[in-house]
>>> print(open('structure_30.json').read())   # JSON, C-alpha atoms
[["chain", "number", "residue", "atom", "x", "y", "z"],
["A", 1, "MET", "CA", 170.08, 30.65, 46.77],
["A", 2, "PRO", "CA", 169.23, 28.23, 49.59],
["A", 3, "THR", "CA", 167.85, 24.81, 48.67],
["A", 4, "PRO", "CA", 164.95, 23.19, 50.57],
["A", 5, "ASP", "CA", 164.88, 19.60, 51.80],
["A", 6, "LEU", "CA", 162.56, 18.31, 49.08],
["A", 7, "GLY", "CA", 161.80, 15.11, 50.95],
["A", 8, "ARG", "CA", 160.08, 17.13, 53.67],
["A", 9, "LEU", "CA", 157.89, 18.98, 51.17],
["A", 10, "THR", "CA", 156.58, 16.23, 48.87],
["A", 11, "ARG", "CA", 155.92, 12.49, 48.94],
["A", 12, "ASP", "CA", 156.35, 12.23, 45.17],
["A", 13, "ALA", "CA", 159.76, 10.78, 44.22],
["A", 14, "GLU", "CA", 159.49, 11.89, 40.58],
["A", 15, "LYS", "CA", 158.60, 15.42, 41.65],
["A", 16, "ARG", "CA", 161.65, 15.50, 43.93],
["A", 17, "ARG", "CA", 163.83, 14.51, 40.98],
["A", 18, "GLN", "CA", 162.33, 17.07, 38.60],
["A", 19, "TYR", "CA", 162.19, 19.95, 41.09],
["A", 20, "ALA", "CA", 165.76, 19.46, 42.33],
["A", 21, "VAL", "CA", 166.92, 21.51, 39.34],
["A", 22, "ASP", "CA", 163.96, 23.91, 39.11],
["A", 23, "PRO", "CA", 165.03, 27.56, 39.64],
["A", 24, "LEU", "CA", 161.48, 28.55, 40.63],
["A", 25, "VAL", "CA", 161.67, 26.19, 43.62],
["A", 26, "ARG", "CA", 164.92, 27.81, 44.73],
["A", 27, "GLU", "CA", 163.47, 31.28, 44.15],
["A", 28, "GLY", "CA", 160.33, 30.59, 46.17],
["A", 29, "TRP", "CA", 162.33, 28.95, 48.96],
["A", 30, "ALA", "CA", 164.76, 31.87, 49.09],
["A", 31, "THR", "CA", 161.85, 34.22, 49.70],
["A", 32, "LEU", "CA", 160.47, 32.08, 52.52],
["A", 33, "VAL", "CA", 163.89, 31.75, 54.20],
["A", 34, "GLY", "CA", 164.64, 35.44, 53.74],
["A", 35, "ALA", "CA", 161.31, 36.52, 55.20],
["A", 36, "LEU", "CA", 160.89, 33.90, 57.93],
["A", 37, "GLY", "CA", 164.13, 32.00, 58.54],
["A", 38, "THR", "CA", 164.74, 28.35, 57.67],
["A", 39, "GLY", "CA", 162.67, 26.74, 60.42],
["A", 40, "GLU", "CA", 159.66, 28.97, 59.93],
["A", 41, "ALA", "CA", 159.98, 28.63, 56.15],
["A", 42, "GLN", "CA", 159.52, 24.88, 56.50],
["A", 43, "ARG", "CA", 156.52, 25.30, 58.79],
["A", 44, "PHE", "CA", 154.93, 27.93, 56.56],
["A", 45, "ALA", "CA", 155.23, 25.72, 53.48],
["A", 46, "THR", "CA", 153.77, 22.66, 55.18],
["A", 47, "GLU", "CA", 150.89, 24.53, 56.82],
["A", 48, "THR", "CA", 149.83, 26.66, 53.84],
["A", 49, "ALA", "CA", 147.55, 25.96, 50.88],
["A", 50, "LEU", "CA", 147.59, 28.07, 47.73],
["A", 51, "LEU", "CA", 144.41, 28.72, 45.75],
["A", 52, "TRP", "CA", 144.26, 30.65, 42.49],
["A", 53, "LEU", "CA", 140.83, 31.70, 41.30],
["A", 54, "ARG", "CA", 141.47, 31.85, 37.59],
["A", 55, "PRO", "CA", 140.10, 34.54, 35.26],
["A", 56, "ASP", "CA", 137.51, 32.11, 33.87],
["A", 57, "VAL", "CA", 135.82, 31.72, 37.27],
["A", 58, "VAL", "CA", 135.75, 35.51, 37.68],
["A", 59, "ALA", "CA", 134.33, 35.96, 34.18],
["A", 60, "ALA", "CA", 131.69, 33.32, 34.97],
["A", 61, "GLY", "CA", 130.69, 35.19, 38.15],
["A", 62, "ALA", "CA", 131.35, 32.24, 40.50],
["A", 63, "ALA", "CA", 134.34, 33.48, 42.52],
["A", 64, "VAL", "CA", 132.35, 34.32, 45.66],
["A", 65, "ASP", "CA", 130.68, 30.89, 45.67],
["A", 66, "VAL", "CA", 134.05, 29.14, 45.47],
["A", 67, "LEU", "CA", 135.51, 31.16, 48.35],
["A", 68, "ALA", "CA", 132.46, 30.41, 50.47],
["A", 69, "ARG", "CA", 132.85, 26.67, 49.80],
["A", 70, "VAL", "CA", 136.52, 26.77, 50.82],
["A", 71, "GLU", "CA", 135.77, 28.46, 54.13],
["A", 72, "ALA", "CA", 132.85, 26.10, 54.79],
["A", 73, "ALA", "CA", 135.36, 23.24, 54.55],
["A", 74, "GLY", "CA", 137.33, 24.61, 57.51],
["A", 75, "PHE", "CA", 139.99, 26.65, 55.71],
["A", 76, "THR", "CA", 141.04, 30.04, 57.10],
["A", 77, "PRO", "CA", 142.46, 32.67, 54.73],
["A", 78, "ALA", "CA", 145.89, 33.97, 55.69],
["A", 79, "GLY", "CA", 146.42, 36.45, 52.86],
["A", 80, "ALA", "CA", 145.44, 37.33, 49.32],
["A", 81, "SER", "CA", 146.73, 39.14, 46.25],
["A", 82, "MET", "CA", 145.42, 40.09, 42.81],
["A", 83, "VAL", "CA", 147.52, 38.24, 40.22],
["A", 84, "GLN", "CA", 147.76, 38.86, 36.48],
["A", 85, "LEU", "CA", 149.33, 35.82, 34.86],
["A", 86, "GLU", "CA", 150.78, 36.17, 31.37],
["A", 87, "ARG", "CA", 151.79, 33.83, 28.55],
["A", 88, "ALA", "CA", 155.12, 32.85, 30.11],
["A", 89, "GLY", "CA", 153.41, 32.28, 33.45],
["A", 90, "VAL", "CA", 151.00, 29.78, 31.88],
["A", 91, "ARG", "CA", 153.93, 27.70, 30.68],
["A", 92, "ALA", "CA", 155.80, 28.02, 33.97],
["A", 93, "LEU", "CA", 152.79, 27.04, 36.06],
["A", 94, "TRP", "CA", 151.74, 24.01, 34.02],
["A", 95, "TRP", "CA", 155.08, 23.05, 32.46],
["A", 96, "TRP", "CA", 154.57, 19.35, 33.21],
["A", 97, "GLN", "CA", 150.89, 19.15, 32.27],
["A", 98, "LEU", "CA", 151.44, 20.96, 28.96],
["A", 99, "ARG", "CA", 154.09, 18.63, 27.57],
["A", 100, "ARG", "CA", 151.56, 17.18, 25.11],
["A", 101, "ALA", "CA", 149.34, 20.22, 24.74],
["A", 102, "THR", "CA", 148.14, 21.22, 21.30],
["A", 103, "ALA", "CA", 148.75, 24.70, 19.96],
["A", 104, "GLU", "CA", 145.00, 25.30, 20.30],
["A", 105, "ARG", "CA", 145.09, 24.48, 24.00],
["A", 106, "LEU", "CA", 147.99, 26.87, 24.56],
["A", 107, "LEU", "CA", 146.19, 29.62, 22.67],
["A", 108, "LEU", "CA", 143.04, 29.14, 24.71],
["A", 109, "LEU", "CA", 144.92, 29.16, 28.01],
["A", 110, "ASP", "CA", 146.65, 32.36, 26.92],
["A", 111, "ALA", "CA", 143.23, 33.79, 26.11],
["A", 112, "VAL", "CA", 141.88, 32.75, 29.53],
["A", 113, "VAL", "CA", 144.64, 34.56, 31.44],
["A", 114, "GLY", "CA", 144.25, 37.48, 29.04],
["A", 115, "LEU", "CA", 140.67, 38.03, 30.23],
["A", 116, "GLY", "CA", 141.97, 39.79, 33.33],
["A", 117, "PRO", "CA", 143.53, 39.16, 36.75],
["A", 118, "GLY", "CA", 142.81, 36.26, 39.07],
["A", 119, "LEU", "CA", 142.82, 36.03, 42.85],
["A", 120, "LEU", "CA", 145.58, 34.27, 44.78],
["A", 121, "VAL", "CA", 144.62, 33.23, 48.33],
["A", 122, "LEU", "CA", 146.76, 31.51, 50.98],
["A", 123, "TYR", "CA", 144.91, 29.28, 53.44],
["A", 124, "ARG", "CA", 145.51, 27.26, 56.56],
["A", 125, "HIS", "CA", 143.37, 24.40, 57.85],
["A", 126, "ARG", "CA", 142.58, 23.62, 61.45],
["A", 127, "ASP", "CA", 143.54, 19.93, 60.93],
["A", 128, "GLY", "CA", 146.78, 20.58, 59.03],
["A", 129, "ASP", "CA", 148.00, 19.29, 55.64],
["A", 130, "ALA", "CA", 146.31, 22.29, 54.05],
["A", 131, "ALA", "CA", 147.66, 22.01, 50.49],
["A", 132, "ARG", "CA", 146.65, 18.38, 49.99],
["A", 133, "ARG", "CA", 143.28, 18.93, 51.65],
["A", 134, "LEU", "CA", 142.48, 21.85, 49.38],
["A", 135, "THR", "CA", 143.53, 19.93, 46.27],
["A", 136, "ARG", "CA", 141.19, 17.07, 47.23],
["A", 137, "LEU", "CA", 138.39, 19.60, 47.69],
["A", 138, "LYS", "CA", 139.13, 21.15, 44.28],
["A", 139, "GLY", "CA", 137.98, 18.08, 42.35],
["A", 140, "GLY", "CA", 139.31, 16.69, 39.10],
["A", 141, "ASN", "CA", 139.26, 18.36, 35.70],
["A", 142, "ALA", "CA", 136.73, 15.96, 34.15],
["A", 143, "PRO", "CA", 133.07, 16.99, 34.54],
["A", 144, "GLY", "CA", 130.85, 14.17, 35.72],
["A", 145, "ARG", "CA", 133.58, 12.61, 37.84],
["A", 146, "ARG", "CA", 133.66, 15.20, 40.61],
["A", 147, "GLU", "CA", 131.83, 15.43, 43.90],
["A", 148, "ALA", "CA", 128.86, 17.80, 43.75],
["A", 149, "ASP", "CA", 130.39, 20.04, 46.42],
["A", 150, "SER", "CA", 133.90, 20.14, 44.92],
["A", 151, "LEU", "CA", 135.24, 23.58, 44.06],
["A", 152, "ARG", "CA", 135.12, 22.98, 40.32],
["A", 153, "GLU", "CA", 131.51, 21.82, 40.49],
["A", 154, "VAL", "CA", 130.59, 24.86, 42.58],
["A", 155, "ALA", "CA", 132.36, 27.04, 39.99],
["A", 156, "GLY", "CA", 130.46, 25.41, 37.12],
["A", 157, "SER", "CA", 133.56, 24.17, 35.30],
["A", 158, "PRO", "CA", 132.17, 22.82, 32.00],
["A", 159, "ASN", "CA", 135.16, 20.95, 30.57],
["A", 160, "ARG", "CA", 138.83, 20.08, 30.93],
["A", 161, "LEU", "CA", 140.09, 23.46, 29.73],
["A", 162, "LEU", "CA", 137.87, 25.87, 31.67],
["A", 163, "THR", "CA", 138.74, 24.35, 35.05],
["A", 164, "MET", "CA", 138.21, 27.65, 36.91],
["A", 165, "VAL", "CA", 140.25, 26.82, 40.03],
["A", 166, "HIS", "CA", 143.91, 25.99, 40.57],
["A", 167, "THR", "CA", 145.52, 24.71, 43.78],
["A", 168, "SER", "CA", 149.08, 23.75, 44.71],
["A", 169, "ASP", "CA", 149.10, 19.97, 45.14],
["A", 170, "ASP", "CA", 151.51, 19.79, 48.08],
["A", 171, "PRO", "CA", 153.93, 21.99, 50.10],
["A", 172, "LEU", "CA", 156.63, 21.78, 47.42],
["A", 173, "ASP", "CA", 154.21, 23.15, 44.84],
["A", 174, "VAL", "CA", 153.28, 25.95, 47.26],
["A", 175, "VAL", "CA", 156.96, 26.98, 47.37],
["A", 176, "ARG", "CA", 157.36, 26.81, 43.60],
["A", 177, "GLU", "CA", 154.09, 28.47, 42.64],
["A", 178, "LEU", "CA", 154.59, 31.44, 44.92],
["A", 179, "ALA", "CA", 157.51, 32.19, 42.59],
["A", 180, "VAL", "CA", 155.37, 31.65, 39.49],
["A", 181, "PHE", "CA", 152.59, 34.00, 40.54],
["A", 182, "LEU", "CA", 154.42, 36.82, 42.34],
["A", 183, "SER", "CA", 157.52, 38.96, 41.96],
["A", 184, "TRP", "CA", 160.18, 38.98, 44.70],
["A", 185, "ARG", "CA", 158.75, 42.01, 46.49],
["A", 186, "GLU", "CA", 155.12, 40.92, 46.15],
["A", 187, "ARG", "CA", 155.97, 37.43, 47.35],
["A", 188, "ALA", "CA", 157.92, 38.60, 50.39],
["A", 189, "ALA", "CA", 155.14, 41.00, 51.39],
["A", 190, "LEU", "CA", 152.41, 38.37, 51.09],
["A", 191, "VAL", "CA", 154.43, 35.74, 52.97],
["A", 192, "ALA", "CA", 155.25, 38.15, 55.79],
["A", 193, "SER", "CA", 151.64, 39.26, 56.22],
["A", 194, "ALA", "CA", 150.28, 35.70, 55.99],
["A", 195, "HIS", "CA", 152.81, 34.48, 58.56],
["A", 196, "VAL", "CA", 151.52, 36.86, 61.22],
["A", 197, "ALA", "CA", 147.82, 36.39, 60.42],
["A", 198, "GLY", "CA", 145.96, 35.32, 63.55],
["A", 199, "PRO", "CA", 143.64, 32.33, 64.03],
["A", 200, "GLU", "CA", 140.70, 34.41, 62.85],
["A", 201, "GLY", "CA", 142.40, 34.80, 59.47],
["A", 202, "SER", "CA", 142.57, 37.68, 57.01],
["A", 203, "GLY", "CA", 139.05, 37.86, 55.64],
["A", 204, "PRO", "CA", 139.17, 41.64, 54.99],
["A", 205, "ALA", "CA", 142.34, 41.23, 52.91],
["A", 206, "VAL", "CA", 140.62, 38.61, 50.76],
["A", 207, "GLU", "CA", 137.53, 40.79, 50.33],
["A", 208, "ALA", "CA", 139.63, 43.79, 49.30],
["A", 209, "ALA", "CA", 141.69, 41.78, 46.82],
["A", 210, "LEU", "CA", 138.56, 40.14, 45.37],
["A", 211, "ALA", "CA", 136.88, 43.53, 44.96],
["A", 212, "ALA", "CA", 139.92, 44.78, 43.04],
["A", 213, "VAL", "CA", 139.86, 41.72, 40.81],
["A", 214, "VAL", "CA", 136.14, 41.94, 40.06],
["A", 215, "ALA", "CA", 136.43, 45.66, 39.32],
["A", 216, "SER", "CA", 138.84, 44.76, 36.50],
["A", 217, "TYR", "CA", 136.03, 42.96, 34.65],
["A", 218, "PRO", "CA", 133.55, 45.51, 33.30],
["A", 219, "PRO", "CA", 129.98, 44.19, 33.32],
["A", 220, "GLU", "CA", 128.76, 43.38, 29.85],
["A", 221, "PRO", "CA", 125.17, 42.37, 29.07],
["A", 222, "GLY", "CA", 124.47, 39.10, 27.32],
["A", 223, "ARG", "CA", 127.63, 37.32, 28.45],
["A", 224, "ALA", "CA", 127.44, 33.59, 27.71],
["A", 225, "ALA", "CA", 127.76, 30.98, 30.42],
["A", 226, "PRO", "CA", 130.97, 28.92, 30.24],
["A", 227, "GLY", "CA", 130.77, 26.33, 27.52],
["A", 228, "ALA", "CA", 127.45, 27.66, 26.24],
["A", 229, "GLY", "CA", 126.55, 28.01, 22.62],
["A", 230, "GLY", "CA", 127.06, 25.81, 19.61],
["A", 231, "GLY", "CA", 129.22, 26.28, 16.63],
["A", 232, "ARG", "CA", 130.86, 24.49, 13.74],
["A", 233, "VAL", "CA", 134.56, 23.76, 13.50],
["A", 234, "PRO", "CA", 135.90, 24.20, 9.96],
["A", 235, "PRO", "CA", 136.83, 20.76, 8.58],
["A", 236, "ARG", "CA", 140.44, 21.69, 7.85],
["A", 237, "ARG", "CA", 142.56, 22.27, 10.93],
["A", 238, "GLY", "CA", 144.43, 25.22, 9.44],
["A", 239, "GLU", "CA", 141.17, 27.03, 8.78],
["A", 240, "ALA", "CA", 139.94, 26.26, 12.29],
["A", 241, "PHE", "CA", 143.17, 27.55, 13.78],
["A", 242, "ALA", "CA", 142.85, 30.83, 11.87],
["A", 243, "GLU", "CA", 139.23, 31.19, 13.02],
["A", 244, "LEU", "CA", 140.22, 30.50, 16.62],
["A", 245, "LEU", "CA", 142.92, 33.16, 16.46],
["A", 246, "ARG", "CA", 140.44, 35.67, 15.09],
["A", 247, "ASP", "CA", 137.72, 34.93, 17.64],
["A", 248, "ILE", "CA", 139.88, 35.14, 20.77],
["A", 249, "ALA", "CA", 141.27, 38.49, 19.58],
["A", 250, "ALA", "CA", 137.82, 40.08, 19.64],
["A", 251, "ALA", "CA", 137.47, 43.50, 21.21],
["A", 252, "GLY", "CA", 135.91, 43.50, 24.67],
["A", 253, "MET", "CA", 136.15, 40.96, 27.45],
["A", 254, "GLY", "CA", 132.61, 39.64, 26.89],
["A", 255, "PRO", "CA", 133.10, 38.55, 23.26],
["A", 256, "ARG", "CA", 136.53, 37.09, 24.10],
["A", 257, "TRP", "CA", 135.05, 35.09, 27.00],
["A", 258, "GLU", "CA", 132.28, 33.78, 24.75],
["A", 259, "ALA", "CA", 134.88, 32.78, 22.14],
["A", 260, "VAL", "CA", 137.05, 30.99, 24.70],
["A", 261, "SER", "CA", 133.99, 29.20, 26.10],
["A", 262, "ARG", "CA", 132.90, 28.05, 22.67],
["A", 263, "TRP", "CA", 136.28, 26.91, 21.39],
["A", 264, "SER", "CA", 137.14, 25.12, 24.65],
["A", 265, "ARG", "CA", 134.56, 22.49, 23.68],
["A", 266, "LEU", "CA", 135.59, 22.13, 20.07],
["A", 267, "VAL", "CA", 139.34, 21.77, 19.72],
["A", 268, "PRO", "CA", 141.72, 18.91, 20.57],
["A", 269, "LEU", "CA", 143.64, 19.59, 23.78],
["A", 270, "LEU", "CA", 146.35, 16.92, 23.55],
["A", 271, "THR", "CA", 148.55, 15.96, 20.62],
["A", 272, "GLY", "CA", 147.07, 12.95, 18.91],
["A", 273, "GLY", "CA", 143.57, 14.42, 18.89],
["A", 274, "ALA", "CA", 142.35, 13.64, 22.40],
["A", 275, "ARG", "CA", 140.16, 16.38, 23.94],
["A", 276, "ARG", "CA", 141.49, 16.07, 27.46]]
>>> encode(input="structure_30.json", output="structure tokens")
Amino acid sequence: MPTPDLGRLTRDAEKRRQYAVDPLVREGWATLVGALGTGEAQRFATETALLWLRPDVVAAGAAVDVLARVEAAGFTPAGASMVQLERAGVRALWWWQLRRATAERLLLLDAVVGLGPGLLVLYRHRDGDAARRLTRLKGGNAPGRREADSLREVAGSPNRLLTMVHTSDDPLDVVRELAVFLSWRERAALVASAHVAGPEGSGPAVEAALAAVVASYPPEPGRAAPGAGGGRVPPRRGEAFAELLRDIAAAGMGPRWEAVSRWSRLVPLLTGGARR
């Protein structure tokens, strides 16, 4: 498979070192080169931002608000696809961030993606540098330290686990994460359609994909807001782990979402006991 010039896709020296041997980078780049040619592959990567509206933002009913905030910031959608991430995809997407993750954090992330599909949207920005611009707009994962109009604040992200919105940090992550989220055929089709999208963008494609995503979440009365509700954690970690496993396996998306919301505030997220 062809290999990209990593220095033209990221400013991060450590990322260049790590991604030089990452097969997902080569896979994503091969799709771009195969669909567009080498020169256009480079331009596409550097001009494109990738946004994933996670299942937790769909379950919370805030997806439309997030999309509206993105477009208000000058981003134009180039294409969209419904994406169902699975357990292996969680670990592929956040392989670096999850190095110190607790088993509870992994279980809860698996439960989040198990709620249903998310929405993948590709954007451009009129002033360029789309990926980095969108990541700045996203806001950090710590509530209380984000701008009021950041995407995660708009989404109502309540804590460091239910972060609602994912973006690719820079063009190199765009290349890699296209391969995380989509199969070869899906990726090539989305890249080809996004490449030819005009200046007015592909709003109808986003609306259609969002409608398909939302339709996958049956409305259930009494659904809790993210992070709502109290609860006691059993004093012994083994007992708490067993209770967590039971709760997130509940029948019906509503009870599972309530369980994920509750436990996201109660369990340690990093080894050593830190809840970050």
>>> atom_distance(input="structure_30.json", atom1="CA of Ala142 in chain A", atom2="CA of Ala73 in chain A")
21.7 Å
>>> residues_around(input="structure_30.json", residues="Asp5 in chain A", least_positions_apart="5", cutoff="10 Å", atoms="only C-alpha atoms", output="VMD selection string")
chain A and resid 10 16 20 42 172
>>> residues_around(input="structure_30.json", residues="range 76-87 of chain A", least_positions_apart="3", cutoff="6 Å", atoms="all atoms listed in the file", output="mmCIF file with C-alpha atoms, in the frame of the given file")
data_model
loop_
_atom_site.group_PDB
_atom_site.id
_atom_site.type_symbol
_atom_site.label_atom_id
_atom_site.label_comp_id
_atom_site.auth_asym_id
_atom_site.auth_seq_id
_atom_site.Cartn_x
_atom_site.Cartn_y
_atom_site.Cartn_z
ATOM 1 C CA VAL A 90 151.000 29.780 31.880
ATOM 2 C CA ASP A 110 146.650 32.360 26.920
ATOM 3 C CA VAL A 113 144.640 34.560 31.440
ATOM 4 C CA PRO A 117 143.530 39.160 36.750
ATOM 5 C CA GLY A 118 142.810 36.260 39.070
ATOM 6 C CA LEU A 119 142.820 36.030 42.850
ATOM 7 C CA LEU A 120 145.580 34.270 44.780
ATOM 8 C CA VAL A 121 144.620 33.230 48.330
ATOM 9 C CA LEU A 122 146.760 31.510 50.980
ATOM 10 C CA TYR A 123 144.910 29.280 53.440
ATOM 11 C CA ARG A 124 145.510 27.260 56.560
ATOM 12 C CA ALA A 194 150.280 35.700 55.990
ATOM 13 C CA ALA A 197 147.820 36.390 60.420
ATOM 14 C CA GLY A 201 142.400 34.800 59.470
ATOM 15 C CA SER A 202 142.570 37.680 57.010
ATOM 16 C CA VAL A 206 140.620 38.610 50.760
ATOM 17 C CA ALA A 209 141.690 41.780 46.820
#
>>> residues_around(input="structure_30.json", residues="range 173-176 of chain A", least_positions_apart="4", cutoff="9 Å", atoms="all atoms listed in the file", output="VMD selection string")
chain A and resid 9 to 10 19 22 to 29 32 45 to 46 48 to 50 93 131 167 to 169 180
>>> residues_around(input="structure_30.json", residues="range 183-191 of chain A", least_positions_apart="4", cutoff="7 Å", atoms="only C-alpha atoms", output="PDB file with C-alpha atoms, in the frame of the given file")
ATOM      1  CA  THR A  31     161.850  34.220  49.700  1.00  0.00           C
ATOM      2  CA  ALA A  35     161.310  36.520  55.200  1.00  0.00           C
ATOM      3  CA  GLY A  79     146.420  36.450  52.860  1.00  0.00           C
ATOM      4  CA  LEU A 178     154.590  31.440  44.920  1.00  0.00           C
ATOM      5  CA  ALA A 179     157.510  32.190  42.590  1.00  0.00           C
ATOM      6  CA  HIS A 195     152.810  34.480  58.560  1.00  0.00           C
TER       7      HIS A 195
END
>>> closest_residue(input="structure_30.json", among="A:Leu182, A:Leu115, A:Ala62, A:Ala68", to="Gly89 in chain A", atoms="only C-alpha atoms")
A:Leu182
>>> residues_near_point(input="structure_30.json", point="(139.3, 27.3, 62.8)", cutoff="9 Å", atoms="only C-alpha atoms", output="PyMOL selection string")
chain A and resi 74-76+124-127+199-201
>>> atom_distance(input="structure_30.json", atom1="CA of Val267 in chain A", atom2="CA of Thr102 in chain A")
9.0 Å
>>> closest_residue(input="structure_30.json", among="A:Ile248, A:Leu151, A:Val58, A:Val165", to="Ser264 in chain A", atoms="all atoms listed in the file")
A:Ile248
>>> closest_residue(input="structure_30.json", among="A:Ala148, A:Ala103, A:Ala130, A:Ala13", to="Pro171 in chain A", atoms="only C-alpha atoms")
A:Ala130
>>> closest_residue(input="structure_30.json", among="A:Val213, A:Arg152, A:Leu36, A:Leu98", to="Val196 in chain A", atoms="only C-alpha atoms")
A:Leu36
>>> atom_distance(input="structure_30.json", atom1="CA of Arg136 in chain A", atom2="CA of Pro55 in chain A")
21.2 Å
>>> residues_near_point(input="structure_30.json", point="(137.9, 35.7, 24.6)", cutoff="10 Å", atoms="all atoms listed in the file", output="MDAnalysis selection string")
chainID A and resid 56 108 110:115 244:263
>>> write_last_selection(input="structure_30.json", atoms="C-alpha atoms", output="PDB file, keeping the file's coordinate frame")
ATOM      1  CA  ASP A  56     137.510  32.110  33.870  1.00  0.00           C
ATOM      2  CA  LEU A 108     143.040  29.140  24.710  1.00  0.00           C
ATOM      3  CA  ASP A 110     146.650  32.360  26.920  1.00  0.00           C
ATOM      4  CA  ALA A 111     143.230  33.790  26.110  1.00  0.00           C
ATOM      5  CA  VAL A 112     141.880  32.750  29.530  1.00  0.00           C
ATOM      6  CA  VAL A 113     144.640  34.560  31.440  1.00  0.00           C
ATOM      7  CA  GLY A 114     144.250  37.480  29.040  1.00  0.00           C
ATOM      8  CA  LEU A 115     140.670  38.030  30.230  1.00  0.00           C
ATOM      9  CA  LEU A 244     140.220  30.500  16.620  1.00  0.00           C
ATOM     10  CA  LEU A 245     142.920  33.160  16.460  1.00  0.00           C
ATOM     11  CA  ARG A 246     140.440  35.670  15.090  1.00  0.00           C
ATOM     12  CA  ASP A 247     137.720  34.930  17.640  1.00  0.00           C
ATOM     13  CA  ILE A 248     139.880  35.140  20.770  1.00  0.00           C
ATOM     14  CA  ALA A 249     141.270  38.490  19.580  1.00  0.00           C
ATOM     15  CA  ALA A 250     137.820  40.080  19.640  1.00  0.00           C
ATOM     16  CA  ALA A 251     137.470  43.500  21.210  1.00  0.00           C
ATOM     17  CA  GLY A 252     135.910  43.500  24.670  1.00  0.00           C
ATOM     18  CA  MET A 253     136.150  40.960  27.450  1.00  0.00           C
ATOM     19  CA  GLY A 254     132.610  39.640  26.890  1.00  0.00           C
ATOM     20  CA  PRO A 255     133.100  38.550  23.260  1.00  0.00           C
ATOM     21  CA  ARG A 256     136.530  37.090  24.100  1.00  0.00           C
ATOM     22  CA  TRP A 257     135.050  35.090  27.000  1.00  0.00           C
ATOM     23  CA  GLU A 258     132.280  33.780  24.750  1.00  0.00           C
ATOM     24  CA  ALA A 259     134.880  32.780  22.140  1.00  0.00           C
ATOM     25  CA  VAL A 260     137.050  30.990  24.700  1.00  0.00           C
ATOM     26  CA  SER A 261     133.990  29.200  26.100  1.00  0.00           C
ATOM     27  CA  ARG A 262     132.900  28.050  22.670  1.00  0.00           C
ATOM     28  CA  TRP A 263     136.280  26.910  21.390  1.00  0.00           C
TER      29      TRP A 263
END
>>> closest_residue(input="structure_30.json", among="A:Gly198, A:Gly139, A:Gly144, A:Pro4", to="His166 in chain A", atoms="all atoms listed in the file")
A:Gly139
>>> closest_residue(input="structure_30.json", among="A:Ala205, A:Arg133, A:Arg99, A:Glu177", to="Leu270 in chain A", atoms="all atoms listed in the file")
A:Arg99
>>> decode(input="structure_30.json", residues="range 112-121 of chain A", atoms="N, CA, C and O atoms", output="PDB file, in the first residue's frame")
ATOM      1  N   VAL A 112     -21.616   2.450  25.220  1.00  0.00           N
ATOM      2  CA  VAL A 112     -22.007   3.650  24.472  1.00  0.00           C
ATOM      3  C   VAL A 112     -22.175   3.312  22.996  1.00  0.00           C
ATOM      4  O   VAL A 112     -23.193   3.629  22.378  1.00  0.00           O
ATOM      5  N   VAL A 113     -21.168   2.670  22.394  1.00  0.00           N
ATOM      6  CA  VAL A 113     -21.277   2.378  20.961  1.00  0.00           C
ATOM      7  C   VAL A 113     -22.337   1.312  20.700  1.00  0.00           C
ATOM      8  O   VAL A 113     -22.874   1.221  19.586  1.00  0.00           O
ATOM      9  N   GLY A 114     -22.652   0.520  21.733  1.00  0.00           N
ATOM     10  CA  GLY A 114     -23.704  -0.471  21.584  1.00  0.00           C
ATOM     11  C   GLY A 114     -25.108   0.107  21.606  1.00  0.00           C
ATOM     12  O   GLY A 114     -26.073  -0.604  21.308  1.00  0.00           O
ATOM     13  N   LEU A 115     -25.249   1.391  21.956  1.00  0.00           N
ATOM     14  CA  LEU A 115     -26.572   2.007  21.968  1.00  0.00           C
ATOM     15  C   LEU A 115     -27.173   2.082  20.572  1.00  0.00           C
ATOM     16  O   LEU A 115     -28.387   2.034  20.402  1.00  0.00           O
ATOM     17  N   GLY A 116     -26.316   2.217  19.564  1.00  0.00           N
ATOM     18  CA  GLY A 116     -26.793   2.345  18.192  1.00  0.00           C
ATOM     19  C   GLY A 116     -25.742   3.015  17.320  1.00  0.00           C
ATOM     20  O   GLY A 116     -24.613   3.243  17.759  1.00  0.00           O
ATOM     21  N   PRO A 117     -26.087   3.377  16.097  1.00  0.00           N
ATOM     22  CA  PRO A 117     -25.118   3.995  15.196  1.00  0.00           C
ATOM     23  C   PRO A 117     -24.878   5.459  15.545  1.00  0.00           C
ATOM     24  O   PRO A 117     -25.652   6.092  16.264  1.00  0.00           O
ATOM     25  N   GLY A 118     -23.776   5.981  15.035  1.00  0.00           N
ATOM     26  CA  GLY A 118     -23.479   7.406  15.097  1.00  0.00           C
ATOM     27  C   GLY A 118     -23.451   7.972  13.687  1.00  0.00           C
ATOM     28  O   GLY A 118     -23.660   7.255  12.706  1.00  0.00           O
ATOM     29  N   LEU A 119     -23.179   9.268  13.594  1.00  0.00           N
ATOM     30  CA  LEU A 119     -23.169   9.947  12.307  1.00  0.00           C
ATOM     31  C   LEU A 119     -21.775  10.489  12.031  1.00  0.00           C
ATOM     32  O   LEU A 119     -21.247  11.285  12.812  1.00  0.00           O
ATOM     33  N   LEU A 120     -21.204  10.071  10.917  1.00  0.00           N
ATOM     34  CA  LEU A 120     -19.908  10.560  10.461  1.00  0.00           C
ATOM     35  C   LEU A 120     -20.141  11.630   9.400  1.00  0.00           C
ATOM     36  O   LEU A 120     -20.858  11.396   8.423  1.00  0.00           O
ATOM     37  N   VAL A 121     -19.551  12.814   9.594  1.00  0.00           N
ATOM     38  CA  VAL A 121     -19.713  13.918   8.645  1.00  0.00           C
ATOM     39  C   VAL A 121     -18.337  14.458   8.272  1.00  0.00           C
ATOM     40  O   VAL A 121     -17.493  14.665   9.156  1.00  0.00           O
TER      41      VAL A 121
END
